[in-house]
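Participant: My questions will all concern the structure given below.
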6 protein chains.
Amino acid sequence: MPLAPLPPVLIEPIVRAALLEDLGRAGDITTDAIVPSDVRAQVSLAARQAGVVAGLDLALMTFRLIDPAITASVVRVDGSQVAAGEAIATLEGPARGLLTAERVALNFLCHMSGIATATAGVVEAVRGTKARVIDIRKTLPGLRALQKYAIRAGGGANHRFGLDDGVLIKDNHIAVAGGIRAAIERARAAVGHMVKVEIEVDTLEQLAEALTFDIDAVCLDNMGPEQLRRAVALVDGRAITEASGCITPATAGAVAATGVDLLSMGWLTQSVPALDIGLDHIS
Amino acid sequence: MPLAPLPPVLIEPIVRAALLEDLGRAGDITTDAIVPSDVRAQVSLAARQAGVVAGLDLALMTFRLIDPAITASVVRVDGSQVAAGEAIATLEGPARGLLTAERVALNFLCHMSGIATATAGVVEAVRGTKARVIDIRKTLPGLRALQKYAIRAGGGANHRFGLDDGVLIKDNHIAVAGGIRAAIERARAAVGHMVKVEIEVDTLEQLAEALTFDIDAVCLDNMGPEQLRRAVALVDGRAITEASGCITPATAGAVAATGVDLLSMGWLTQSVPALDIGLDHIS
Amino acid sequence: MPLAPLPPVLIEPIVRAALLEDLGRAGDITTDAIVPSDVRAQVSLAARQAGVVAGLDLALMTFRLIDPAITASVVRVDGSQVAAGEAIATLEGPARGLLTAERVALNFLCHMSGIATATAGVVEAVRGTKARVIDIRKTLPGLRALQKYAIRAGGGANHRFGLDDGVLIKDNHIAVAGGIRAAIERARAAVGHMVKVEIEVDTLEQLAEALTFDIDAVCLDNMGPEQLRRAVALVDGRAITEASGCITPATAGAVAATGVDLLSMGWLTQSVPALDIGLDHIS
Amino acid sequence: MPLAPLPPVLIEPIVRAALLEDLGRAGDITTDAIVPSDVRAQVSLAARQAGVVAGLDLALMTFRLIDPAITASVVRVDGSQVAAGEAIATLEGPARGLLTAERVALNFLCHMSGIATATAGVVEAVRGTKARVIDIRKTLPGLRALQKYAIRAGGGANHRFGLDDGVLIKDNHIAVAGGIRAAIERARAAVGHMVKVEIEVDTLEQLAEALTFDIDAVCLDNMGPEQLRRAVALVDGRAITEASGCITPATAGAVAATGVDLLSMGWLTQSVPALDIGLDHIS
Amino acid sequence: MPLAPLPPVLIEPIVRAALLEDLGRAGDITTDAIVPSDVRAQVSLAARQAGVVAGLDLALMTFRLIDPAITASVVRVDGSQVAAGEAIATLEGPARGLLTAERVALNFLCHMSGIATATAGVVEAVRGTKARVIDIRKTLPGLRALQKYAIRAGGGANHRFGLDDGVLIKDNHIAVAGGIRAAIERARAAVGHMVKVEIEVDTLEQLAEALTFDIDAVCLDNMGPEQLRRAVALVDGRAITEASGCITPATAGAVAATGVDLLSMGWLTQSVPALDIGLDHIS
Amino acid sequence: MPLAPLPPVLIEPIVRAALLEDLGRAGDITTDAIVPSDVRAQVSLAARQAGVVAGLDLALMTFRLIDPAITASVVRVDGSQVAAGEAIATLEGPARGLLTAERVALNFLCHMSGIATATAGVVEAVRGTKARVIDIRKTLPGLRALQKYAIRAGGGANHRFGLDDGVLIKDNHIAVAGGIRAAIERARAAVGHMVKVEIEVDTLEQLAEALTFDIDAVCLDNMGPEQLRRAVALVDGRAITEASGCITPATAGAVAATGVDLLSMGWLTQSVPALDIGLDHIS
């Protein structure tokens with residue numbers, strides 16, 4: 001199934017806010033002063049680096065909200081590989097609108113494509129294992145839905161979208177509850193039947209204890225490959241296993257080879273470089 | 001003069017939106033299920049890497065909006081250096097609120113401190129020259145005010161905040177206008193007296209022509225050190241000089257040594273890694 | 001663990017919007033004209049029917065947002081039983097604010113307590129079985145978080161909060177996918193590890209087929225007690241069982257006796273009568 | 001004159017908010033995973049019970065905001081009777097959008113049609129008298145404009161829309177003012193000439209006193225039919241008479257027969273069951 | 001009864017928006033650069049012209065939202081006369097906040113006091129007659145509630161707050177309806193019992209016809225004093241009489257002397273000069 | 001270059017808010033009751049006074065948001081002179097929408113055209129000098145972008161749009177800083193290279209001192225023509241000169257004749273009368 005787009009009703013407020021942030025109270029004073037309203041242009045959104053596209057819907061909506069007369073022709077949809085120098089889309093319309101919307105459109109596209117590209121890189125690094133690459137909640141404020149969509153565009157999957165759609169029991173919860181059993185039982189008793197429960201453990205002893213209770217997933221925090229391998233063996237299919245903490249693109253392959261189900265990486269949404277995409281004038 | 005804080009009235013809507021993005025429709029179901037409402041805790045926001053702090057006001061407001069009973073003691077204000085392992089602030093209050101607000105607070109603090117730290121690194125690299133390090137409009141949607149504040153926290157300065165508070169004439173504007181003279185004259189005629197006019201040039205010929213008109217600044221795009229040096233000599237103090245395009249921390253020193261006034265780097269807001277900051281439980 | 005309150009940051013925008021809806025452009029013209037600003041009063045929020053309280057935080061915030069000088073003393077917290085004639089809380093402060101906020105505060109409290117009371121009635125009806133009472137997505141626009149909280153206050157649990165926090169495969173999904181297997185496999189492949197998958201079935205044949213795939217829960221739609229009993233036997237603990245469709249308080253006991261895990265009732269949020277609560281003047 | 005629709009500019013923000021409440025941060029993960037984007041479908045919004053339609057504009061806008069390619073054909077406009085099994089409208093378009101928007105659209109339509117149907121029932125019960133059926137301010141937060149519109153769709157009329165568009169003097173106002181005269185005079189002096197003044201009375205003595213001052217309407221609170229009859233005689237056309245308090249569909253006829261002008265019922269907006277309407281797949 | 005304040009919940013969003021409009025994305029860069037955070041100051045809001053105060057609550061909230069440490073002492077409440085040179089309030093607190101909030105606070109205060117002062121001037125001009133001075137819907141977008149409040153502060157009263165809280169039948173309505181009778185009857189049939197009906201007439205003939213139907217008020221449009229006198233005689237107390245159109249402060253007395261109940265003036269909200277109020281530094 | 005329009009994305013939220021302010025919770029009850037939905041009409045927006053048009057985009061968007069079936073034909077674009085009695089635009093469509101949107105559309109158009117007309121009057125008064133007419137930050141809350149656009153439509157230019165896009169050092173800043181030098185130096189050090197620095201001076205002595213530092217503009221506050229002339233001579237082209245304070249249309253010519261570059265007038269946005277524009281029914 002190809003990547004499903006984000007609903008327009010969800011992205012439109014974000015695009016409008018981004019445009020207002022850039023337009024301020026006077027709009028694009030440079031373009032308004034220099035470019036006559038009847039000049040038209042054709043441009044392309046062109047990748048300057050190879051990567052995976054994400055955020056094209058937001059970029060195109062940016063142009064359309066500035067001027068509905070701008071039309072677009074899509075070359076590479078979200079989730080596609082794009083080579084350096086290739087066009088992702090071409091746009092045609094009033095030159096003013098194209099110039100005014102350019103930066104905001106690219107800000108969406110470069111950031112989201114950066115995430116998709118980095119994700120795809122890790123997905124590639126773990127190819128041949130069963131491990132999936134997932135994000136966590138280390139996202140940039142206001143951009144979570146977009147960032148997690150970009151993870152999917154890159155071939156990754158999503159961990160929780162927020163504090164409300166899954167239970168993740170961490171060390172502090174265990175400490176306050178007075179133990180793993182109490183923490184898990186309280187969580188199970190409180191939440192609905194569509195909510196999964198995951199618990200974070202640091203040691204194999206904690207893991208062994210956690211497995212005696214009703215859990216859906218275990219987050220194996222900051223374990224090395226050898227310890228992960230033993231953890232996976234201990235779990236023996238009774239829970240989904242997530243390796244977490246300090247995983248880099250360089251170490252991802254080794255981590256995945258331990259047999260864990262998931263590799264989670266906050267880096268993908270918190271520290272990822274943008275993909276270099278620019279706007280080229282065709283005519 | 002120390003760094004001035006962002007007005008609370010400006011950051012409060014951003015913090016509220018970030019919290020709602022994480023709380024969803026049901027709030028922190030893990031903590032609500034496990035942690036009794038009367039348990040109190042003391043925690044610290046602790047740097048796991050050395051860096052420069054930015055975003056502490058947002059982090060603290062995050063905790064206060066979740067529970068006004070949480071009190072904070074600030075150790076390192078925004079703009080300060082913090083060493084690995086050092087606390088930036090300590091917080092005390094109901095454990096529930098501390099756990100619920102943790103991730104959103106850190107998302108602000110890690111991202112903004114990442115920018116401040118990277119900026120400070122480039123500032124350090126150009127020490128001894130007159131060059132200032134500045135951002136551009138390659139920012140993340142919705143976060144521009146915060147990112148540009150973080151640039152200041154790191155010792156940098158800000159380029160335009162949006163399309164409306166300065167004229168920046170680029171190649172496409174010149175092409176449409178039919179030349180440098182027309183572009184500058186149209187801009188000058190249209191804008192108010194508090195608006196500066198900068199023009200982007202790719203060659204020394206363009207630069208020479210631009211200098212014959214009334215401009216405040218020139219953006220020297222994608223020029224190497226030697227070409228920059230000649231550009232600076234050509235300008236001879238008649239305009240502010242900004243070096244732009246592909247400047248990295250590694251090359252910043254050499255670029256600054258050419259005598260330019262400003263080094264602008266989109267990387268600082270678009271591709272910067274977060275500073276690793278965590279929440280440690282003291283008691 | 002007692003019922004956890006909704007975060008203030010989540011309910012404040014809803015309370016503010018409700019007040020603005022009632023105040024319009026001129027505010028409470030009756031009270032402003034008649035009641036001097038220095039008159040104080042003491043009032044109670046008093047149940048005129050027995051029931052279960054929910055929404056008190058919203059009611060109290062309504063008064064405080066109208067006048068921070070109003071103080072409250074809580075007698076029955078959310079989730080408590082209240083007898084007819086009993087006070088839920090008493091309030092003291094400027095009479096103007098008490099009168100102006102009264103209706104909006106009661107609108108929250110009566111509606112949410114109505115849901116909690118109805119839920120508690122069904123919970124009582126199924127006592128002695130293992131069945132839990134749950135809501136569905138038949139909620140009133142804009143009020144889902146509050147209504148689902150009220151379900152919890154009445155002793156119920158929550159089904160999905162929205163389209164995004166769980167997979168629920170219905171007949172139309174199955175039809176489009178070309179079968180149960182394809183529908184379940186596509187869903188599993190697309191979603192993250194914290195997402196549960198439930199499938200709605202109308203017949204035991206469908207149920208038998210669904211159980212051969214990886215599902216977390218089955219929704220047994222519009223089945224009578226005898227059919228439910230057979231369904232539960234067929235499932236034999238391999239999935240959570242939800243009975244759904246046309247369950248009333250009168251039939252809930254019989255349905256629960258079939259051994260299903262969950263009874264879901266859209267009626268609880270879509271058609272429930274308010275609990276009659278009024279504001280009594282003490283002095 | 002047929003029922004006038006609510007302005008789109010007024011309902012669009014409510015529909016958008018309802019969609020966002022349901023879509024959350026990831027959208028309809030079930031449909032996105034299972035239904036290919038090119039599958040089309042034809043569906044009908046079909047009444048499963050007889051009733052009066054209200055909210056169709058909101059339902060149709062819900063579908064259109066999810067996918068503008070969805071087209072609708074209206075069979076029963078708001079205010080129409082619909083029989084059990086009849087279609088209210090048919091829709092055609094991408095199956096994804098139809099499935100994703102279904103629940104939110106129905107939530108508007110079922111709730112508002114429930115109000116219209118209940119209102120029409122009471123209107124029918126008072127047929128042959130001059131009495132009109134009206135709502136009060138016991139509405140659900142955020143939904144007042146929609147609920148009061150549904151009252152009109154059912155053949156009822158509206159009392160005040162808020163605290164600002166009419167004076168309604170209640171017992172507490174009278175008590176603080178020190179009497180009926182003072183309360184009425186203060187209100188008249190304070191408000192503009194387009195504002196009507198109504199006073200709530202519990203006894204015929206209060207009524208007699210109120211009638212000696214300049215009032216537009218009297219609310220006869222909690223009076224039985226015999227007392228209402230005497231009140232109507234006492235008023236003798238000098239004010240509009242509203243019977244209020246504990247009126248049920250069963251007692252409405254008797255109350256209306258007393259000759260009062262208005263029957264107000266908070267139940268119509270606070271406690272009314274939804275009309276059962278579903279989405280049927282035609283193809 | 002003194003003027004009732006606008007509810008804080010109603011004015012706070014307006015004040016916040018006004019501050020954000022002025023602060024932009026970087027805040028008060030002048031004050032932040034020059035004024036150390038620990039400098040305190042005492043200032044007064046001082047009238048430079050005699051007038052009537054309105055908007056002080058908004059002004060003070062502006063300062064408090066910028067810095068809660070700013071305290072105020074009120075000298076002249078809204079609705080009070082203030083002489084040239086007199087202080088309306090004094091403020092004490094951090095100098096930064098006082099300087100940053102100054103302009104926005106004064107923008108509220110000067111505009112609203114301008115309206116109150118102009119209104120009071122007309123009220124004075126009609127003293128000795130029974131005429132009240134009222135506004136109409138010629139208000140500035142987004143400021144209606146504030147402007148209509150300022151009218152009250154000046155001793156005036158309010159016409160409709162919007163299209164929804166009163167019926168005003170104008171010439172175009174009559175033309176479309178096919179006559180005065182049809183227009184009035186349709187309006188009466190459609191609206192609730194708390195809604196008054198006013199009709200605008202241009203001639204005595206229209207007036208005579210309108211008076212044969214059930215109307216609450218007549219708007220006598222663009223009539224001279226003599227015609228108004230005859231109109232008032234014709235009405236003979238059967239409806240409220242509003243003189244409208246081209247009334248100036250200079251002609252108000254003569255218009256009022258005709259015996260009309262109301263003088264409506266769009267000028268008071270659409271074209272009124274600000275009252276000159278400044279911020280003086282005491283220390 | 002003709003006047004550039006404000007971006008739709010910037011004005012749409014303002015128009016929507018203005019419509020909601022007028023529609024309230026029930027919409028245009030007069031028109032809905034009287035005018036059948038199938039009646040069409042043709043109207044014109046007609047100037048009743050000569051003036052300069054501004055705000056037509058907002059007026060037309062108002063009609064379109066009420067009913068997209070309304071079409072417009074523009075006769076006089078923003079910035080054009082219009083004679084008394086001339087049409088600015090004609091509109092055709094459903095009569096209901098035309099009547100419902102009329103007042104809000106005119107409120108934008110009359111206010112903004114009032115500003116443009118007043119500005120054009122002052123521009124005319126200074127014709128033959130080099131002086132430009134500019135606004136300041138004495139604007140009406142929420143309307144700054146529109147008012148400053150109207151200034152441009154009238155041939156004026158804009159001073160700062162907010163506290164964040166230019167440094168303006170006033171007497172209080174100088175006092176706190178301990179002198180002109182410190183104030184200017186602190187400002188220069190803090191702000192970016194695209195920010196201009198202006199200083200307000202009351203005397204020639206202050207001016208002389210200010211000119212010894214790096215400033216872009218001087219605001220000559222409350223100086224008479226003779227003093228202004230000497231100031232201009234003293235500046236001698238080293239800074240832009242702005243005359244400010246108590247300049248009226250009557251004195252503008254004399255002030256401009258002193259050779260200053262700019263005349264700033266708060267009156268243009270704070271106290272300007274509306275241009276009288278009405279809606280005429282053509283058919």
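Residue names in the structure tokens use chain letters A, B, ... in the order shown, residue numbers from 1 in each chain, and ligand numbers from 1 in the order shown.
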Near Thr62 of chain D, counting only C-alpha atoms, which residues have an atom at most 8 Å away, once you skip same-chain residues fewer than 4 positions from it, shown as a VMD selection string?
Facilitator: chain D and resid 15 to 16 19 58 66 101 104 to 105
Participant: Those same residues, written as a PDB file, in the first residue's frame with N, CA, C and O atoms?
Facilitator:
ATOM      1  N   VAL D  15     -16.891  22.463  12.155  1.00  0.00           N
ATOM      2  CA  VAL D  15     -16.672  21.204  11.432  1.00  0.00           C
ATOM      3  C   VAL D  15     -15.179  20.870  11.388  1.00  0.00           C
ATOM      4  O   VAL D  15     -14.772  19.725  11.609  1.00  0.00           O
ATOM      5  N   ARG D  16     -14.371  21.880  11.128  1.00  0.00           N
ATOM      6  CA  ARG D  16     -12.917  21.626  11.116  1.00  0.00           C
ATOM      7  C   ARG D  16     -12.435  21.120  12.475  1.00  0.00           C
ATOM      8  O   ARG D  16     -11.627  20.186  12.556  1.00  0.00           O
ATOM      9  N   LEU D  19     -13.419  17.505  12.993  1.00  0.00           N
ATOM     10  CA  LEU D  19     -12.577  16.590  12.219  1.00  0.00           C
ATOM     11  C   LEU D  19     -11.207  16.412  12.876  1.00  0.00           C
ATOM     12  O   LEU D  19     -10.697  15.294  12.988  1.00  0.00           O
ATOM     13  N   LEU D  58     -23.871  20.530   7.913  1.00  0.00           N
ATOM     14  CA  LEU D  58     -22.637  20.219   8.629  1.00  0.00           C
ATOM     15  C   LEU D  58     -22.104  18.856   8.203  1.00  0.00           C
ATOM     16  O   LEU D  58     -20.886  18.683   8.030  1.00  0.00           O
ATOM     17  N   ILE D  66     -12.962  16.746   4.038  1.00  0.00           N
ATOM     18  CA  ILE D  66     -12.051  15.599   3.962  1.00  0.00           C
ATOM     19  C   ILE D  66     -11.617  15.360   2.520  1.00  0.00           C
ATOM     20  O   ILE D  66     -10.450  15.077   2.250  1.00  0.00           O
ATOM     21  N   ALA D 101     -14.736  10.396   6.894  1.00  0.00           N
ATOM     22  CA  ALA D 101     -15.613  11.460   7.379  1.00  0.00           C
ATOM     23  C   ALA D 101     -16.889  10.941   8.021  1.00  0.00           C
ATOM     24  O   ALA D 101     -17.591  11.685   8.719  1.00  0.00           O
ATOM     25  N   VAL D 104     -17.822  11.568  12.011  1.00  0.00           N
ATOM     26  CA  VAL D 104     -18.000  12.979  12.399  1.00  0.00           C
ATOM     27  C   VAL D 104     -19.254  13.541  11.754  1.00  0.00           C
ATOM     28  O   VAL D 104     -20.047  14.251  12.394  1.00  0.00           O
ATOM     29  N   ALA D 105     -19.467  13.212  10.479  1.00  0.00           N
ATOM     30  CA  ALA D 105     -20.668  13.694   9.792  1.00  0.00           C
ATOM     31  C   ALA D 105     -21.921  13.202  10.500  1.00  0.00           C
ATOM     32  O   ALA D 105     -22.868  13.975  10.742  1.00  0.00           O
TER      33      ALA D 105
END
Participant: Specify as a short mmCIF file (atom, residue, chain, number, x, y, z; two decimals) with N, CA, C and O atoms, in the first residue's frame all residues of chain B found within 8 Å of chain E, counting only C-alpha atoms.
Facilitator:
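Writing done, so here's result_2.cif:
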data_model
loop_
_atom_site.label_atom_id
_atom_site.label_comp_id
_atom_site.auth_asym_id
_atom_site.auth_seq_id
_atom_site.Cartn_x
_atom_site.Cartn_y
_atom_site.Cartn_z
N MET B 1 25.12 44.01 27.57
CA MET B 1 23.71 43.76 27.95
C MET B 1 23.42 42.27 27.83
O MET B 1 23.67 41.67 26.78
N ALA B 4 18.10 39.40 26.19
CA ALA B 4 16.75 39.70 26.69
C ALA B 4 15.83 38.51 26.43
O ALA B 4 15.90 37.90 25.37
N LEU B 6 12.45 36.31 25.61
CA LEU B 6 11.26 36.48 24.77
C LEU B 6 10.07 36.81 25.67
O LEU B 6 9.95 36.26 26.76
N PRO B 7 9.18 37.69 25.23
CA PRO B 7 8.02 38.03 26.07
C PRO B 7 7.14 36.80 26.32
O PRO B 7 6.89 36.02 25.39
N PRO B 8 6.68 36.61 27.55
CA PRO B 8 5.82 35.46 27.87
C PRO B 8 4.59 35.41 26.97
O PRO B 8 4.16 34.32 26.57
N VAL B 9 4.05 36.55 26.61
CA VAL B 9 2.85 36.58 25.78
C VAL B 9 3.14 36.00 24.39
O VAL B 9 2.23 35.53 23.71
N LEU B 10 4.38 35.99 24.01
CA LEU B 10 4.76 35.43 22.70
C LEU B 10 5.01 33.94 22.79
O LEU B 10 4.68 33.17 21.88
N ARG B 144 10.20 29.97 14.16
CA ARG B 144 11.19 30.98 13.78
C ARG B 144 11.61 31.89 14.94
O ARG B 144 12.81 32.11 15.15
N ALA B 145 10.64 32.39 15.68
CA ALA B 145 11.00 33.30 16.78
C ALA B 145 11.89 32.60 17.79
O ALA B 145 12.84 33.21 18.32
N TYR B 149 15.88 33.45 18.42
CA TYR B 149 16.29 33.77 19.79
C TYR B 149 17.48 32.89 20.19
O TYR B 149 18.44 33.37 20.81
N PHE B 161 13.60 38.64 9.96
CA PHE B 161 12.67 37.74 10.64
C PHE B 161 11.59 37.24 9.68
O PHE B 161 10.91 36.27 9.97
#
Participant: Run DSSP on the backbone and give me the residues of segment 41-202 of chain B it puts in helix (DSSP H, G or I), as JSON, numbers by chain.
Facilitator: {"B": [56, 57, 58, 59, 60, 61, 62, 63, 64, 65, 66, 95, 96, 97, 98, 99, 100, 101, 102, 103, 104, 105, 106, 107, 108, 109, 110, 111, 112, 113, 114, 115, 116, 117, 118, 119, 120, 121, 122, 123, 124, 125, 144, 145, 146, 147, 148, 149, 150, 151, 152, 153, 171, 172, 173, 174, 175, 176, 177, 180, 181, 182, 183, 184, 185, 186, 187, 188, 189, 190]}
Participant: Of the candidates D:Gly55, D:Gly114, D:Gly128, D:Gly154, which shows the shortest atom-to-atom distance to Val272 of chain C, using only C-alpha atoms?
Facilitator: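 For Val272 of chain C, the nearest of the given residues is D:Gly114.
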Participant: Neighbours of Ala187 of chain B within 8 Å (only C-alpha atoms; same-chain residues fewer than 2 positions away dropped), as a PyMOL selection string?
Facilitator: (chain A and resi 29-30+33-34) or (chain B and resi 167+183-185+189-191+197)
Participant: Compile the contact shell of Leu143 of chain D as number ranges by chain: residues with an atom at most 12 Å away, counting only C-alpha atoms, same-chain residues fewer than 6 positions apart removed.
Facilitator: C: 14, 17-18, 21-22, 107, 140-143; D: 10-11, 13-15, 17-18, 55, 108, 111-112, 137, 149-150, 161, 269-270; F: 25
Participant: Take the selection from the previous step and output its residues with N, CA and C atoms, as a tab-separated table (two decimals), in the first residue's frame.
Facilitator:
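The result, stored in again.tsv:
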chain	number	residue	atom	x	y	z
C	14	ILE	N	-11.52	24.98	26.27
C	14	ILE	CA	-12.93	24.60	26.12
C	14	ILE	C	-13.80	25.45	27.03
C	17	ALA	N	-14.01	29.00	25.61
C	17	ALA	CA	-14.90	29.06	24.45
C	17	ALA	C	-16.36	29.01	24.88
C	18	ALA	N	-16.66	28.18	25.87
C	18	ALA	CA	-18.04	28.07	26.34
C	18	ALA	C	-18.50	29.39	26.97
C	21	GLU	N	-19.15	31.90	24.23
C	21	GLU	CA	-20.40	31.55	23.54
C	21	GLU	C	-21.61	32.12	24.30
C	22	ASP	N	-21.50	32.14	25.62
C	22	ASP	CA	-22.64	32.61	26.41
C	22	ASP	C	-22.59	34.13	26.65
C	107	ASN	N	-23.85	23.66	32.73
C	107	ASN	CA	-23.92	22.92	31.47
C	107	ASN	C	-22.83	21.86	31.37
C	140	LEU	N	-20.27	13.91	20.93
C	140	LEU	CA	-20.73	15.21	20.43
C	140	LEU	C	-19.53	16.05	20.03
C	141	PRO	N	-19.59	16.67	18.85
C	141	PRO	CA	-18.43	17.37	18.30
C	141	PRO	C	-17.83	18.40	19.27
C	142	GLY	N	-16.55	18.29	19.48
C	142	GLY	CA	-15.84	19.22	20.35
C	142	GLY	C	-15.77	18.77	21.79
C	143	LEU	N	-16.53	17.75	22.14
C	143	LEU	CA	-16.63	17.35	23.55
C	143	LEU	C	-16.09	15.95	23.82
D	10	LEU	N	-19.89	30.43	9.71
D	10	LEU	CA	-20.13	30.13	11.13
D	10	LEU	C	-19.93	28.64	11.42
D	11	ILE	N	-20.30	27.78	10.50
D	11	ILE	CA	-20.19	26.34	10.80
D	11	ILE	C	-18.84	25.75	10.43
D	13	PRO	N	-15.65	26.56	11.07
D	13	PRO	CA	-14.68	26.30	12.16
D	13	PRO	C	-15.10	25.15	13.07
D	14	ILE	N	-16.41	24.97	13.25
D	14	ILE	CA	-16.88	23.88	14.11
D	14	ILE	C	-16.65	22.54	13.44
D	15	VAL	N	-16.89	22.46	12.16
D	15	VAL	CA	-16.67	21.20	11.43
D	15	VAL	C	-15.18	20.87	11.39
D	17	ALA	N	-12.90	21.74	13.54
D	17	ALA	CA	-12.48	21.31	14.88
D	17	ALA	C	-12.93	19.88	15.16
D	18	ALA	N	-14.13	19.55	14.73
D	18	ALA	CA	-14.64	18.19	14.97
D	18	ALA	C	-13.81	17.16	14.20
D	55	GLY	N	-28.96	19.42	10.44
D	55	GLY	CA	-27.52	19.25	10.47
D	55	GLY	C	-26.94	18.72	9.18
D	108	PHE	N	-22.75	14.95	13.88
D	108	PHE	CA	-23.52	16.20	13.73
D	108	PHE	C	-24.98	15.88	13.41
D	111	HIS	N	-27.14	14.04	16.24
D	111	HIS	CA	-27.44	14.89	17.39
D	111	HIS	C	-28.44	15.97	17.03
D	112	MET	N	-28.19	16.65	15.95
D	112	MET	CA	-29.07	17.77	15.58
D	112	MET	C	-30.45	17.27	15.14
D	137	ARG	N	-31.10	28.17	27.77
D	137	ARG	CA	-29.63	28.18	27.65
D	137	ARG	C	-28.98	26.92	28.22
D	149	TYR	N	-30.33	26.09	16.22
D	149	TYR	CA	-30.77	25.93	14.83
D	149	TYR	C	-31.63	24.67	14.70
D	150	ALA	N	-31.20	23.60	15.37
D	150	ALA	CA	-31.97	22.34	15.30
D	150	ALA	C	-33.37	22.52	15.91
D	161	PHE	N	-30.01	33.67	23.01
D	161	PHE	CA	-28.82	32.94	22.55
D	161	PHE	C	-27.69	33.03	23.55
D	269	THR	N	-32.31	20.38	24.52
D	269	THR	CA	-30.91	20.57	24.12
D	269	THR	C	-29.94	19.86	25.06
D	270	GLN	N	-30.42	19.47	26.22
D	270	GLN	CA	-29.52	18.93	27.22
D	270	GLN	C	-29.62	17.41	27.35
F	25	ARG	N	-24.48	34.29	16.97
F	25	ARG	CA	-24.81	32.87	17.04
F	25	ARG	C	-25.99	32.51	16.16
Participant: Enter the distance from atom CA of Ser244 of chain D to atom CA of Met223 of chain D, in Å, rounded to one decimal.
Facilitator: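 Atom-to-atom, atom CA of Ser244 of chain D and atom CA of Met223 of chain D are spaced 7.8 Å apart.
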